[in-house]
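Student: Questions regarding the structure given below will be posed in turn.
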Amino acid sequence: MTEQFSPVSKELPLVSVVIPTYNRPEYLKRAIRSVLDQTYSNIEIIVVDDSSDLNLAPLKETFPDITFMKNEQNRGACYSRNRGLQEAKGTYINFLDDDDELFPEKIELQVQKFEESENRDLGMVTCHLIDERSGKPVEIRNKVRGNIYRKMLRRYAVSGTETMLFKKEPVSKAGGFDDALPANHEYDLMIRISESYDVDYVDSVLTKKNRSVNQININFDKKITGARMLYAKHKNRFRKQSLFFLITISLKYRLLHLRFLIGKLFGERVYRSLLRE
């Protein structure tokens with residue numbers, strides 16, 4: 001069955017939803033449907049296939065009005081997101097991993113928050129989420145507003161790439177995602193964006209992160225390398241806050257590295273038990 005989907009309103013600002021995917025057509029179908037079910041009407045969907053081995057032709061036939069792009073070789077999710085960013089025509093942009101979902105009012109409520117705001121420096125609106133990657137649903141609340149740059153330097157203050165609705169301009173000016181990092185991609189992007197732009201949130205649970213195969217959040221080798229690279233990349237930003245701030249963050253990254261190492265040696269269950277403490 002062919003499903004028709006195209007923006008229908010010229011009065012509402014266009015929102016581009018970019019979905020990177022690799023060898024997970026069933027997850028991808030679920031992610032696409034979560035966008036099709038949005039109460040907001042003016043949306044374009046851009047799927048970037050990271051050179052899948054599996055045949056996505058049936059999905060292209062099912063969703064003919066969606067833009068499908070394919071990388072010539074496997075380049076990773078960040079490269080794919082950036083390629084979708086270049087293709088996107090929207091005023092706003094939402095990055096959605098193929099194993100995650102948006103709840104129906106997500107985009108409408110976030111666009112409304114943008115459109116009603118008098119803050120010209122507002123660059124991103126987030127929301128709360130349900131995280132099921134551990135196998136059990138956990139509600140994560142992204143209750144952040146205003147200038148959160150220092151807070152972002154101190155800790156991961158906003159969770160879930162899919163929770164974030166950006167104005168496209170700040171993401172483009174920041175250079176998009178750093179595809180050299182093996183992990184912590186959205187954290188790195190939020191540090192760079194929050195340096196120049198404010199954030200706000202919708203006080204509702206509007207997305208869900210699902211457990212899936214090849215989850216990067218339990219690939220401890222990538223997490224260890226990613227944390228080391230992230231610290232090196234932003235060390236000057238930490239130092240500019242104060243020497244004490246730099247020392248504090250350095251100690252936090254050492255503790256984080258230790259947790260990842262414990263996870264690598266003893267497994268996901270032990271690692272998650274440390275996070276609950």
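By order in the structure tokens, chains are A, B, ...; within a chain, residues start at 1; ligands start at 1, following the order shown.
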Please report, as JSON lines, each residue of stretch 135-206 of chain A lying at most 8 Å from stretch 90-112 of chain A, together with the nearest pair of atoms and the separation in Å rounded to one decimal; use only C-alpha atoms, and order rows by chain and ascending residue number.
Tutor:
{"residue": "A:Thr161", "atom": "CA", "partner": "A:Phe95", "partner_atom": "CA", "distance": 6.3}
{"residue": "A:Glu162", "atom": "CA", "partner": "A:Leu96", "partner_atom": "CA", "distance": 4.8}
{"residue": "A:Met164", "atom": "CA", "partner": "A:Asn94", "partner_atom": "CA", "distance": 6.4}
{"residue": "A:Leu165", "atom": "CA", "partner": "A:Asn94", "partner_atom": "CA", "distance": 5.0}
{"residue": "A:Phe166", "atom": "CA", "partner": "A:Ile93", "partner_atom": "CA", "distance": 5.3}
{"residue": "A:Lys167", "atom": "CA", "partner": "A:Tyr92", "partner_atom": "CA", "distance": 4.4}
{"residue": "A:Lys168", "atom": "CA", "partner": "A:Tyr92", "partner_atom": "CA", "distance": 5.1}
{"residue": "A:Glu169", "atom": "CA", "partner": "A:Thr91", "partner_atom": "CA", "distance": 7.8}
{"residue": "A:Tyr201", "atom": "CA", "partner": "A:Gln110", "partner_atom": "CA", "distance": 7.7}
{"residue": "A:Val202", "atom": "CA", "partner": "A:Gln110", "partner_atom": "CA", "distance": 6.5}
{"residue": "A:Leu206", "atom": "CA", "partner": "A:Phe103", "partner_atom": "CA", "distance": 4.9}
Student: Return as number ranges by chain the full set of residues in stretch 30-182 of chain A whose backbone-based DSSP assignment is alpha helix (DSSP H).
Tutor: A: 30-36, 57-62, 77-87, 106-116, 149-154, 168-174
Student: Measuring between only C-alpha atoms, which one of A:Ala77, A:Ala232, A:Val199, A:Ile43 shows the shortest distance to A:Arg120?
Tutor: A:Val199
Student: Just want the 7 Å neighbourhood of A:Arg133, counted on only C-alpha atoms, with same-chain residues fewer than 3 positions away dropped. Output as a PyMOL selection string.
Tutor: chain A and resi 209-211
Student: Put those residues in a file: N, CA and C atoms, as a JSON list (two decimals), in the first residue's frame.
Tutor:
[["chain", "number", "residue", "atom", "x", "y", "z"],
["A", 209, "LYS", "N", 13.01, 6.77, 23.17],
["A", 209, "LYS", "CA", 14.21, 6.08, 22.70],
["A", 209, "LYS", "C", 14.01, 4.59, 22.96],
["A", 210, "ASN", "N", 14.12, 3.78, 21.92],
["A", 210, "ASN", "CA", 13.89, 2.35, 22.02],
["A", 210, "ASN", "C", 15.19, 1.57, 22.12],
["A", 211, "ARG", "N", 15.11, 0.42, 22.74],
["A", 211, "ARG", "CA", 16.26, -0.48, 22.77],
["A", 211, "ARG", "C", 16.39, -1.13, 21.39]]
Student: When you look at stretch 64-68 of chain A with a cut-off of 12 Å (counting only C-alpha atoms), what residues show up, excluding the ones that are within fewer than 3 positions of it in the same chain? I need them as number ranges by chain.
Tutor: A: 1-7, 16-21, 28-29, 32-33, 35-36, 43-51, 56-61, 71, 80, 83-84, 87-89
Student: Can you tell me, as a ChimeraX atom specification, which residues in stretch 52-228 of chain A count as strand (DSSP E or B) by DSSP?
Tutor: /A:67-70,92-95,100-102,122-131,138-140,146,165-167,198-209
Student: Could you take the residues named above and write them with N, CA and C atoms, as a short mmCIF file (atom, residue, chain, number, x, y, z; two decimals), in the first residue's frame?
Tutor:
data_model
loop_
_atom_site.label_atom_id
_atom_site.label_comp_id
_atom_site.auth_asym_id
_atom_site.auth_seq_id
_atom_site.Cartn_x
_atom_site.Cartn_y
_atom_site.Cartn_z
N THR A 67 11.90 12.01 0.73
CA THR A 67 13.19 12.07 0.05
C THR A 67 14.12 10.99 0.63
N PHE A 68 14.55 10.07 -0.22
CA PHE A 68 15.52 9.05 0.16
C PHE A 68 16.85 9.37 -0.49
N MET A 69 17.91 9.39 0.31
CA MET A 69 19.27 9.58 -0.19
C MET A 69 20.11 8.40 0.29
N LYS A 70 21.12 8.03 -0.48
CA LYS A 70 21.98 6.92 -0.09
C LYS A 70 23.44 7.30 -0.22
N TYR A 92 12.95 24.94 10.51
CA TYR A 92 13.31 24.15 11.68
C TYR A 92 13.74 22.76 11.24
N ILE A 93 14.54 22.10 12.09
CA ILE A 93 15.03 20.78 11.74
C ILE A 93 15.02 19.87 12.96
N ASN A 94 14.59 18.63 12.74
CA ASN A 94 14.53 17.61 13.79
C ASN A 94 15.31 16.40 13.30
N PHE A 95 16.32 15.98 14.07
CA PHE A 95 17.08 14.78 13.74
C PHE A 95 16.48 13.61 14.51
N ASP A 100 14.24 5.46 17.05
CA ASP A 100 13.50 6.29 18.00
C ASP A 100 12.17 6.74 17.41
N GLU A 101 11.33 7.36 18.26
CA GLU A 101 9.99 7.76 17.84
C GLU A 101 9.64 9.15 18.38
N LEU A 102 8.82 9.86 17.61
CA LEU A 102 8.22 11.11 18.05
C LEU A 102 6.76 10.86 18.41
N LEU A 122 16.73 32.40 20.61
CA LEU A 122 16.28 31.03 20.85
C LEU A 122 16.65 30.16 19.67
N GLY A 123 17.48 29.14 19.90
CA GLY A 123 17.96 28.30 18.81
C GLY A 123 17.47 26.88 18.86
N MET A 124 16.97 26.43 20.04
CA MET A 124 16.55 25.05 20.17
C MET A 124 15.48 24.92 21.25
N VAL A 125 14.49 24.09 20.97
CA VAL A 125 13.46 23.74 21.95
C VAL A 125 13.48 22.24 22.14
N THR A 126 13.56 21.80 23.39
CA THR A 126 13.58 20.38 23.69
C THR A 126 12.29 19.97 24.38
N CYS A 127 12.25 18.72 24.88
CA CYS A 127 11.08 18.18 25.58
C CYS A 127 11.57 17.03 26.45
N HIS A 128 10.66 16.38 27.15
CA HIS A 128 11.01 15.21 27.95
C HIS A 128 10.88 13.95 27.09
N LEU A 129 11.45 12.84 27.57
CA LEU A 129 11.42 11.61 26.79
C LEU A 129 11.29 10.38 27.68
N ILE A 130 10.88 9.29 27.06
CA ILE A 130 10.92 7.97 27.67
C ILE A 130 12.09 7.22 27.07
N ASP A 131 13.00 6.76 27.92
CA ASP A 131 14.19 6.04 27.47
C ASP A 131 14.03 4.56 27.84
N VAL A 138 12.32 4.63 31.38
CA VAL A 138 12.78 5.64 32.32
C VAL A 138 12.43 7.01 31.75
N GLU A 139 11.76 7.84 32.53
CA GLU A 139 11.42 9.19 32.06
C GLU A 139 12.59 10.13 32.34
N ILE A 140 13.05 10.81 31.30
CA ILE A 140 14.12 11.79 31.43
C ILE A 140 13.54 13.16 31.13
N GLY A 146 16.87 29.16 28.63
CA GLY A 146 17.77 30.32 28.63
C GLY A 146 19.17 29.98 28.16
N LEU A 165 14.25 20.23 18.71
CA LEU A 165 13.86 20.90 17.48
C LEU A 165 14.70 22.16 17.38
N PHE A 166 15.50 22.23 16.31
CA PHE A 166 16.41 23.35 16.12
C PHE A 166 15.88 24.32 15.07
N LYS A 167 16.22 25.58 15.20
CA LYS A 167 16.24 26.41 14.02
C LYS A 167 17.40 25.90 13.16
N ASP A 198 20.17 30.51 22.95
CA ASP A 198 19.42 30.06 24.11
C ASP A 198 18.58 28.83 23.76
N VAL A 199 18.09 28.17 24.80
CA VAL A 199 17.22 27.01 24.62
C VAL A 199 15.96 27.18 25.45
N ASP A 200 14.94 26.40 25.13
CA ASP A 200 13.70 26.36 25.90
C ASP A 200 13.17 24.93 25.82
N TYR A 201 12.06 24.66 26.49
CA TYR A 201 11.53 23.30 26.49
C TYR A 201 10.02 23.31 26.56
N VAL A 202 9.43 22.24 26.07
CA VAL A 202 8.00 21.96 26.25
C VAL A 202 7.89 20.97 27.39
N ASP A 203 7.06 21.28 28.37
CA ASP A 203 6.99 20.48 29.59
C ASP A 203 6.10 19.26 29.41
N SER A 204 6.46 18.40 28.43
CA SER A 204 5.69 17.19 28.14
C SER A 204 6.65 16.11 27.63
N VAL A 205 6.28 14.86 27.83
CA VAL A 205 7.02 13.73 27.27
C VAL A 205 6.57 13.55 25.83
N LEU A 206 7.47 13.78 24.88
CA LEU A 206 7.08 13.83 23.48
C LEU A 206 7.92 12.93 22.57
N THR A 207 8.87 12.18 23.12
CA THR A 207 9.66 11.26 22.31
C THR A 207 9.96 9.98 23.09
N LYS A 208 10.40 8.97 22.36
CA LYS A 208 10.81 7.71 23.00
C LYS A 208 12.05 7.16 22.33
N LYS A 209 13.01 6.77 23.17
CA LYS A 209 14.21 6.08 22.70
C LYS A 209 14.01 4.59 22.96
#
